[in-house]
>>> print(open('structure_24.pdb').read())   # PDB, N, CA and C atoms
ATOM      1  N   MET A 390      -3.715 -10.457 -30.946
ATOM      2  CA  MET A 390      -3.228  -9.720 -29.806
ATOM      3  C   MET A 390      -4.246  -8.641 -29.462
ATOM      4  N   ASN A 391      -4.642  -8.602 -28.195
ATOM      5  CA  ASN A 391      -5.614  -7.588 -27.801
ATOM      6  C   ASN A 391      -4.909  -6.272 -27.447
ATOM      7  N   LYS A 392      -5.681  -5.254 -27.142
ATOM      8  CA  LYS A 392      -5.131  -3.918 -26.936
ATOM      9  C   LYS A 392      -4.182  -3.870 -25.744
ATOM     10  N   VAL A 393      -4.542  -4.494 -24.651
ATOM     11  CA  VAL A 393      -3.690  -4.461 -23.462
ATOM     12  C   VAL A 393      -2.338  -5.108 -23.752
ATOM     13  N   GLU A 394      -2.354  -6.248 -24.413
ATOM     14  CA  GLU A 394      -1.099  -6.915 -24.772
ATOM     15  C   GLU A 394      -0.257  -6.023 -25.686
ATOM     16  N   ARG A 395      -0.917  -5.352 -26.622
ATOM     17  CA  ARG A 395      -0.205  -4.473 -27.545
ATOM     18  C   ARG A 395       0.401  -3.285 -26.794
ATOM     19  N   LEU A 396      -0.332  -2.713 -25.840
ATOM     20  CA  LEU A 396       0.177  -1.588 -25.064
ATOM     21  C   LEU A 396       1.402  -1.992 -24.249
ATOM     22  N   ILE A 397       1.344  -3.142 -23.629
ATOM     23  CA  ILE A 397       2.487  -3.639 -22.856
ATOM     24  C   ILE A 397       3.662  -3.897 -23.788
ATOM     25  N   SER A 398       3.388  -4.464 -24.951
ATOM     26  CA  SER A 398       4.454  -4.733 -25.923
ATOM     27  C   SER A 398       5.089  -3.439 -26.414
ATOM     28  N   ILE A 399       4.289  -2.406 -26.617
ATOM     29  CA  ILE A 399       4.821  -1.112 -27.046
ATOM     30  C   ILE A 399       5.794  -0.586 -25.991
ATOM     31  N   ILE A 400       5.415  -0.672 -24.735
ATOM     32  CA  ILE A 400       6.290  -0.207 -23.661
ATOM     33  C   ILE A 400       7.588  -1.006 -23.641
ATOM     34  N   MET A 401       7.481  -2.318 -23.791
ATOM     35  CA  MET A 401       8.676  -3.162 -23.777
ATOM     36  C   MET A 401       9.605  -2.838 -24.951
ATOM     37  N   VAL A 402       9.037  -2.584 -26.124
ATOM     38  CA  VAL A 402       9.848  -2.221 -27.292
ATOM     39  C   VAL A 402      10.545  -0.888 -27.040
ATOM     40  N   LEU A 403       9.824   0.073 -26.501
ATOM     41  CA  LEU A 403      10.408   1.390 -26.248
ATOM     42  C   LEU A 403      11.495   1.342 -25.174
ATOM     43  N   LEU A 404      11.394   0.424 -24.243
ATOM     44  CA  LEU A 404      12.430   0.282 -23.225
ATOM     45  C   LEU A 404      13.724  -0.270 -23.814
ATOM     46  N   ARG A 405      13.605  -1.013 -24.920
ATOM     47  CA  ARG A 405      14.793  -1.613 -25.544
ATOM     48  C   ARG A 405      15.399  -0.740 -26.623
ATOM     49  N   LYS A 406      14.599   0.092 -27.277
ATOM     50  CA  LYS A 406      15.082   0.865 -28.423
ATOM     51  C   LYS A 406      14.998   2.355 -28.121
ATOM     52  N   GLU A 407      15.763   3.128 -28.885
ATOM     53  CA  GLU A 407      15.777   4.579 -28.687
ATOM     54  C   GLU A 407      14.501   5.231 -29.212
ATOM     55  N   ILE A 408      14.286   5.141 -30.538
ATOM     56  CA  ILE A 408      13.121   5.769 -31.176
ATOM     57  C   ILE A 408      12.504   4.755 -32.141
ATOM     58  N   VAL A 409      11.183   4.636 -32.078
ATOM     59  CA  VAL A 409      10.474   3.706 -32.961
ATOM     60  C   VAL A 409       9.369   4.485 -33.676
ATOM     61  N   SER A 410       9.319   4.345 -34.992
ATOM     62  CA  SER A 410       8.333   5.090 -35.783
ATOM     63  C   SER A 410       6.956   4.443 -35.706
ATOM     64  N   THR A 411       5.961   5.240 -36.011
ATOM     65  CA  THR A 411       4.587   4.747 -36.072
ATOM     66  C   THR A 411       4.469   3.646 -37.113
ATOM     67  N   THR A 412       5.145   3.831 -38.244
ATOM     68  CA  THR A 412       5.123   2.820 -39.306
ATOM     69  C   THR A 412       5.686   1.498 -38.812
ATOM     70  N   LYS A 413       6.805   1.553 -38.088
ATOM     71  CA  LYS A 413       7.434   0.338 -37.566
ATOM     72  C   LYS A 413       6.497  -0.368 -36.580
ATOM     73  N   PHE A 414       5.861   0.409 -35.706
ATOM     74  CA  PHE A 414       4.913  -0.183 -34.755
ATOM     75  C   PHE A 414       3.725  -0.813 -35.486
ATOM     76  N   SER A 415       3.197  -0.119 -36.484
ATOM     77  CA  SER A 415       2.030  -0.658 -37.191
ATOM     78  C   SER A 415       2.381  -1.944 -37.923
ATOM     79  N   GLN A 416       3.585  -2.036 -38.467
ATOM     80  CA  GLN A 416       4.025  -3.273 -39.125
ATOM     81  C   GLN A 416       4.257  -4.379 -38.104
ATOM     82  N   LEU A 417       4.848  -4.020 -36.982
ATOM     83  CA  LEU A 417       5.159  -4.991 -35.943
ATOM     84  C   LEU A 417       3.901  -5.643 -35.373
ATOM     85  N   PHE A 418       2.860  -4.841 -35.164
ATOM     86  CA  PHE A 418       1.631  -5.351 -34.549
ATOM     87  C   PHE A 418       0.507  -5.598 -35.547
ATOM     88  N   ASN A 419       0.788  -5.359 -36.822
ATOM     89  CA  ASN A 419      -0.193  -5.604 -37.884
ATOM     90  C   ASN A 419      -1.510  -4.847 -37.638
ATOM     91  N   VAL A 420      -1.352  -3.554 -37.321
ATOM     92  CA  VAL A 420      -2.504  -2.667 -37.123
ATOM     93  C   VAL A 420      -2.241  -1.387 -37.912
ATOM     94  N   SER A 421      -3.230  -0.527 -37.980
ATOM     95  CA  SER A 421      -3.070   0.725 -38.722
ATOM     96  C   SER A 421      -2.250   1.736 -37.914
ATOM     97  N   LYS A 422      -1.731   2.732 -38.620
ATOM     98  CA  LYS A 422      -1.006   3.802 -37.946
ATOM     99  C   LYS A 422      -1.919   4.553 -36.985
ATOM    100  N   ARG A 423      -3.164   4.691 -37.377
ATOM    101  CA  ARG A 423      -4.136   5.390 -36.518
ATOM    102  C   ARG A 423      -4.325   4.634 -35.200
ATOM    103  N   THR A 424      -4.320   3.305 -35.243
ATOM    104  CA  THR A 424      -4.435   2.503 -34.030
ATOM    105  C   THR A 424      -3.239   2.756 -33.115
ATOM    106  N   ILE A 425      -2.051   2.850 -33.702
ATOM    107  CA  ILE A 425      -0.845   3.134 -32.918
ATOM    108  C   ILE A 425      -0.947   4.523 -32.281
ATOM    109  N   LEU A 426      -1.443   5.496 -33.026
ATOM    110  CA  LEU A 426      -1.613   6.837 -32.468
ATOM    111  C   LEU A 426      -2.585   6.821 -31.288
ATOM    112  N   ARG A 427      -3.669   6.053 -31.408
ATOM    113  CA  ARG A 427      -4.617   5.921 -30.291
ATOM    114  C   ARG A 427      -3.957   5.226 -29.101
ATOM    115  N   ASP A 428      -3.132   4.216 -29.393
ATOM    116  CA  ASP A 428      -2.416   3.514 -28.321
ATOM    117  C   ASP A 428      -1.468   4.461 -27.591
ATOM    118  N   MET A 429      -0.775   5.316 -28.339
ATOM    119  CA  MET A 429       0.135   6.270 -27.715
ATOM    120  C   MET A 429      -0.631   7.255 -26.839
ATOM    121  N   GLU A 430      -1.789   7.653 -27.288
ATOM    122  CA  GLU A 430      -2.633   8.544 -26.482
ATOM    123  C   GLU A 430      -3.081   7.836 -25.198
ATOM    124  N   THR A 431      -3.426   6.570 -25.303
ATOM    125  CA  THR A 431      -3.823   5.789 -24.129
ATOM    126  C   THR A 431      -2.673   5.697 -23.135
ATOM    127  N   LEU A 432      -1.464   5.427 -23.631
ATOM    128  CA  LEU A 432      -0.292   5.348 -22.759
ATOM    129  C   LEU A 432       0.005   6.702 -22.124
ATOM    130  N   ASN A 433      -0.193   7.760 -22.879
ATOM    131  CA  ASN A 433      -0.004   9.110 -22.346
ATOM    132  C   ASN A 433      -0.994   9.384 -21.213
ATOM    133  N   LEU A 434      -2.239   8.999 -21.398
ATOM    134  CA  LEU A 434      -3.256   9.193 -20.358
ATOM    135  C   LEU A 434      -2.965   8.353 -19.114
ATOM    136  N   ALA A 435      -2.222   7.263 -19.293
ATOM    137  CA  ALA A 435      -1.842   6.402 -18.166
ATOM    138  C   ALA A 435      -0.541   6.883 -17.515
ATOM    139  N   ASN A 436      -0.069   8.066 -17.920
ATOM    140  CA  ASN A 436       1.141   8.678 -17.374
ATOM    141  C   ASN A 436       2.411   7.880 -17.629
ATOM    142  N   ILE A 437       2.452   7.142 -18.739
ATOM    143  CA  ILE A 437       3.679   6.493 -19.173
ATOM    144  C   ILE A 437       4.509   7.575 -19.858
ATOM    145  N   PRO A 438       5.773   7.747 -19.479
ATOM    146  CA  PRO A 438       6.565   8.879 -19.986
ATOM    147  C   PRO A 438       7.074   8.690 -21.419
ATOM    148  N   ILE A 439       6.144   8.671 -22.358
ATOM    149  CA  ILE A 439       6.477   8.511 -23.774
ATOM    150  C   ILE A 439       6.373   9.881 -24.439
ATOM    151  N   TYR A 440       7.337  10.168 -25.310
ATOM    152  CA  TYR A 440       7.296  11.426 -26.034
ATOM    153  C   TYR A 440       7.528  11.166 -27.516
ATOM    154  N   SER A 441       7.119  12.126 -28.332
ATOM    155  CA  SER A 441       7.287  11.966 -29.775
ATOM    156  C   SER A 441       8.485  12.781 -30.250
ATOM    157  N   VAL A 442       9.109  12.270 -31.309
ATOM    158  CA  VAL A 442      10.256  12.929 -31.932
ATOM    159  C   VAL A 442       9.857  13.208 -33.373
ATOM    160  N   THR A 443       9.958  14.466 -33.779
ATOM    161  CA  THR A 443       9.558  14.828 -35.139
ATOM    162  C   THR A 443      10.726  14.700 -36.098
ATOM    163  N   GLY A 444      10.402  14.669 -37.377
ATOM    164  CA  GLY A 444      11.429  14.627 -38.407
ATOM    165  C   GLY A 444      11.468  13.296 -39.133
ATOM    166  N   VAL A 445      12.406  13.201 -40.058
ATOM    167  CA  VAL A 445      12.529  12.013 -40.901
ATOM    168  C   VAL A 445      12.808  10.764 -40.068
ATOM    169  N   LYS A 446      13.667  10.899 -39.072
ATOM    170  CA  LYS A 446      13.992   9.752 -38.222
ATOM    171  C   LYS A 446      13.200   9.805 -36.923
ATOM    172  N   GLY A 447      12.027  10.398 -36.971
ATOM    173  CA  GLY A 447      11.197  10.573 -35.789
ATOM    174  C   GLY A 447      10.399   9.336 -35.436
ATOM    175  N   GLY A 448       9.673   9.465 -34.365
ATOM    176  CA  GLY A 448       8.841   8.378 -33.876
ATOM    177  C   GLY A 448       8.522   8.603 -32.414
ATOM    178  N   TYR A 449       8.505   7.532 -31.648
ATOM    179  CA  TYR A 449       8.201   7.610 -30.224
ATOM    180  C   TYR A 449       9.348   7.040 -29.420
ATOM    181  N   ALA A 450       9.523   7.591 -28.229
ATOM    182  CA  ALA A 450      10.573   7.130 -27.325
ATOM    183  C   ALA A 450      10.048   7.227 -25.894
ATOM    184  N   ILE A 451      10.733   6.562 -24.992
ATOM    185  CA  ILE A 451      10.383   6.646 -23.580
ATOM    186  C   ILE A 451      11.517   7.392 -22.884
ATOM    187  N   MET A 452      11.196   8.207 -21.902
ATOM    188  CA  MET A 452      12.210   9.021 -21.240
ATOM    189  C   MET A 452      13.311   8.136 -20.659
ATOM    190  N   ASP A 453      14.551   8.561 -20.851
ATOM    191  CA  ASP A 453      15.709   7.789 -20.411
ATOM    192  C   ASP A 453      15.702   7.533 -18.903
ATOM    193  N   GLU A 454      15.148   8.444 -18.136
ATOM    194  CA  GLU A 454      15.123   8.287 -16.685
ATOM    195  C   GLU A 454      14.312   7.067 -16.243
ATOM    196  N   TYR A 455      13.469   6.570 -17.121
ATOM    197  CA  TYR A 455      12.612   5.439 -16.782
ATOM    198  C   TYR A 455      13.133   4.123 -17.338
ATOM    199  N   LYS A 456      14.294   4.154 -17.973
ATOM    200  CA  LYS A 456      14.901   2.937 -18.501
ATOM    201  C   LYS A 456      15.871   2.383 -17.466
ATOM    202  N   VAL A 457      15.955   1.073 -17.406
ATOM    203  CA  VAL A 457      16.906   0.433 -16.506
ATOM    204  C   VAL A 457      18.239   0.335 -17.236
ATOM    205  N   ASP A 458      19.297   0.762 -16.577
ATOM    206  CA  ASP A 458      20.628   0.663 -17.167
ATOM    207  C   ASP A 458      21.027  -0.807 -17.191
ATOM    208  N   LYS A 459      21.190  -1.346 -18.389
ATOM    209  CA  LYS A 459      21.479  -2.770 -18.543
ATOM    210  C   LYS A 459      22.827  -3.150 -17.958
ATOM    211  N   ARG A 460      23.704  -2.176 -17.763
ATOM    212  CA  ARG A 460      25.020  -2.468 -17.205
ATOM    213  C   ARG A 460      24.958  -2.731 -15.702
ATOM    214  N   LEU A 461      23.861  -2.363 -15.053
ATOM    215  CA  LEU A 461      23.754  -2.557 -13.613
ATOM    216  C   LEU A 461      23.614  -4.023 -13.233
ATOM    217  N   LEU A 462      23.002  -4.822 -14.086
ATOM    218  CA  LEU A 462      22.748  -6.226 -13.775
ATOM    219  C   LEU A 462      23.350  -7.123 -14.848
ATOM    220  N   SER A 463      24.083  -8.119 -14.415
ATOM    221  CA  SER A 463      24.617  -9.101 -15.361
ATOM    222  C   SER A 463      23.547 -10.153 -15.621
ATOM    223  N   SER A 464      23.785 -11.019 -16.589
ATOM    224  CA  SER A 464      22.820 -12.092 -16.856
ATOM    225  C   SER A 464      22.723 -13.016 -15.648
ATOM    226  N   SER A 465      23.815 -13.193 -14.924
ATOM    227  CA  SER A 465      23.805 -14.004 -13.705
ATOM    228  C   SER A 465      22.916 -13.356 -12.640
ATOM    229  N   ASP A 466      23.007 -12.028 -12.503
ATOM    230  CA  ASP A 466      22.149 -11.314 -11.552
ATOM    231  C   ASP A 466      20.681 -11.508 -11.899
ATOM    232  N   LEU A 467      20.357 -11.394 -13.188
ATOM    233  CA  LEU A 467      18.967 -11.572 -13.616
ATOM    234  C   LEU A 467      18.479 -12.990 -13.352
ATOM    235  N   GLN A 468      19.343 -13.976 -13.554
ATOM    236  CA  GLN A 468      18.962 -15.361 -13.268
ATOM    237  C   GLN A 468      18.700 -15.546 -11.778
ATOM    238  N   ASN A 469      19.516 -14.918 -10.940
ATOM    239  CA  ASN A 469      19.307 -15.003  -9.497
ATOM    240  C   ASN A 469      17.994 -14.343  -9.078
ATOM    241  N   ILE A 470      17.693 -13.194  -9.682
ATOM    242  CA  ILE A 470      16.430 -12.512  -9.386
ATOM    243  C   ILE A 470      15.250 -13.385  -9.798
ATOM    244  N   LEU A 471      15.335 -13.997 -10.982
ATOM    245  CA  LEU A 471      14.264 -14.879 -11.448
ATOM    246  C   LEU A 471      14.099 -16.083 -10.531
ATOM    247  N   ALA A 472      15.208 -16.640 -10.061
ATOM    248  CA  ALA A 472      15.135 -17.784  -9.147
ATOM    249  C   ALA A 472      14.449 -17.379  -7.841
ATOM    250  N   ALA A 473      14.824 -16.210  -7.318
ATOM    251  CA  ALA A 473      14.208 -15.730  -6.080
ATOM    252  C   ALA A 473      12.721 -15.459  -6.269
ATOM    253  N   LEU A 474      12.383 -14.818  -7.389
ATOM    254  CA  LEU A 474      10.967 -14.551  -7.664
ATOM    255  C   LEU A 474      10.199 -15.851  -7.891
ATOM    256  N   GLY A 475      10.853 -16.831  -8.500
ATOM    257  CA  GLY A 475      10.204 -18.129  -8.698
ATOM    258  C   GLY A 475       9.841 -18.771  -7.372
ATOM    259  N   GLY A 476      10.725 -18.637  -6.379
ATOM    260  CA  GLY A 476      10.427 -19.148  -5.041
ATOM    261  C   GLY A 476       9.274 -18.399  -4.394
ATOM    262  N   LEU A 477       9.270 -17.090  -4.559
ATOM    263  CA  LEU A 477       8.168 -16.291  -4.016
ATOM    264  C   LEU A 477       6.856 -16.616  -4.706
ATOM    265  N   GLU A 478       6.952 -16.900  -5.992
ATOM    266  CA  GLU A 478       5.751 -17.200  -6.769
ATOM    267  C   GLU A 478       5.020 -18.396  -6.173
ATOM    268  N   GLN A 479       5.791 -19.373  -5.663
ATOM    269  CA  GLN A 479       5.173 -20.564  -5.068
ATOM    270  C   GLN A 479       4.405 -20.198  -3.797
ATOM    271  N   LEU A 480       4.944 -19.237  -3.031
ATOM    272  CA  LEU A 480       4.310 -18.843  -1.770
ATOM    273  C   LEU A 480       3.203 -17.818  -1.960
ATOM    274  N   LEU A 481       3.454 -16.867  -2.801
ATOM    275  CA  LEU A 481       2.531 -15.737  -2.988
ATOM    276  C   LEU A 481       2.119 -15.621  -4.440
ATOM    277  N   PHE A 482       1.499 -16.628  -4.978
ATOM    278  CA  PHE A 482       1.155 -16.616  -6.396
ATOM    279  C   PHE A 482       0.050 -15.597  -6.644
ATOM    280  N   THR A 483       0.426 -14.526  -7.320
ATOM    281  CA  THR A 483      -0.537 -13.508  -7.732
ATOM    282  C   THR A 483      -0.218 -13.117  -9.160
ATOM    283  N   GLU A 484      -1.131 -12.424  -9.774
ATOM    284  CA  GLU A 484      -0.896 -11.950 -11.137
ATOM    285  C   GLU A 484       0.248 -10.945 -11.177
ATOM    286  N   ASP A 485       0.397 -10.146 -10.096
ATOM    287  CA  ASP A 485       1.480  -9.161 -10.049
ATOM    288  C   ASP A 485       2.841  -9.841 -10.065
ATOM    289  N   VAL A 486       3.001 -10.902  -9.288
ATOM    290  CA  VAL A 486       4.266 -11.632  -9.254
ATOM    291  C   VAL A 486       4.541 -12.253 -10.621
ATOM    292  N   GLU A 487       3.515 -12.847 -11.210
ATOM    293  CA  GLU A 487       3.678 -13.466 -12.526
ATOM    294  C   GLU A 487       4.080 -12.430 -13.568
ATOM    295  N   ARG A 488       3.452 -11.251 -13.535
ATOM    296  CA  ARG A 488       3.769 -10.175 -14.475
ATOM    297  C   ARG A 488       5.209  -9.699 -14.314
ATOM    298  N   THR A 489       5.646  -9.563 -13.063
ATOM    299  CA  THR A 489       7.010  -9.135 -12.807
ATOM    300  C   THR A 489       8.013 -10.128 -13.356
ATOM    301  N   ILE A 490       7.750 -11.405 -13.149
ATOM    302  CA  ILE A 490       8.638 -12.447 -13.664
ATOM    303  C   ILE A 490       8.713 -12.383 -15.184
ATOM    304  N   LYS A 491       7.578 -12.220 -15.841
ATOM    305  CA  LYS A 491       7.566 -12.153 -17.304
ATOM    306  C   LYS A 491       8.324 -10.937 -17.824
ATOM    307  N   LYS A 492       8.224  -9.800 -17.110
ATOM    308  CA  LYS A 492       8.940  -8.592 -17.513
ATOM    309  C   LYS A 492      10.440  -8.826 -17.444
ATOM    310  N   ILE A 493      10.899  -9.445 -16.347
ATOM    311  CA  ILE A 493      12.332  -9.663 -16.195
ATOM    312  C   ILE A 493      12.827 -10.676 -17.216
ATOM    313  N   GLU A 494      12.032 -11.690 -17.498
ATOM    314  CA  GLU A 494      12.413 -12.681 -18.497
ATOM    315  C   GLU A 494      12.591 -12.047 -19.870
ATOM    316  N   ALA A 495      11.749 -11.033 -20.155
ATOM    317  CA  ALA A 495      11.844 -10.357 -21.457
ATOM    318  C   ALA A 495      13.143  -9.588 -21.539
TER     319      ALA A 495
END
>>> encode(input="structure_24.pdb", output="structure tokens")
Amino acid sequence: MNKVERLISIIMVLLRKEIVSTTKFSQLFNVSKRTILRDMETLNLANIPIYSVTGVKGGYAIMDEYKVDKRLLSSSDLQNILAALGGLEQLLFTEDVERTIKKIEA
């Protein structure tokens, strides 16, 4: 897994979980803790709203305001969105459309 894939994966993990420790990230991606710290700095420089939590149960989290409330969309709604995007993908195939589809699928 290259750095860009790892950065995107970190964001996706943080969107699903409350707080994730550096140790957990390093085990998940099979990299050193220092690499995770550098990745967090990179995400910070990219203005991704990630913050650190200190203490025994500390780690990293993403601001709640940037999370999608899962109760807003049912699985049926998500399937409909994917179907609509799939149709658009045929007409306007770009990397942006493909990325959006993959994000929603996740």
>>> residues_near_point(input="structure_24.pdb", point="(8.5, 5.7, -34.2)", cutoff="8 Å", atoms="all atoms listed in the file", output="number ranges by chain")
A: 407-414, 441-442, 446-450
>>> residues_around(input="structure_24.pdb", residues="stretch 451-454 of chain A", least_positions_apart="2", cutoff="6 Å", atoms="only N, CA and C atoms", output="ChimeraX atom specification")
/A:403,407,438-440,449,456
>>> atom_distance(input="structure_24.pdb", atom1="atom CA of A:Val445", atom2="atom CA of A:Leu432")
23.2 Å
>>> atom_distance(input="structure_24.pdb", atom1="atom N of A:Ser464", atom2="atom CA of A:Val393")
29.1 Å
>>> atom_distance(input="structure_24.pdb", atom1="atom C of A:Tyr455", atom2="atom CA of A:Leu404")
7.1 Å
>>> closest_residue(input="structure_24.pdb", among="A:Met429, A:Ser463, A:Leu434, A:Val420", to="A:Leu396", atoms="all atoms listed in the file")
A:Met429
>>> closest_residue(input="structure_24.pdb", among="A:Asp428, A:Met390, A:Lys422, A:Leu417", to="A:Val402", atoms="only C-alpha atoms")
A:Leu417
>>> select_by_dssp(input="structure_24.pdb", residues="stretch 391-470 of chain A", states="strand (DSSP E or B)", output="PyMOL selection string")
chain A and resi 409+439-442+448-451
>>> select_by_dssp(input="structure_24.pdb", residues="stretch 391-456 of chain A", states="alpha helix (DSSP H)", output="PyMOL selection string")
chain A and resi 392-405+411-418+422-434
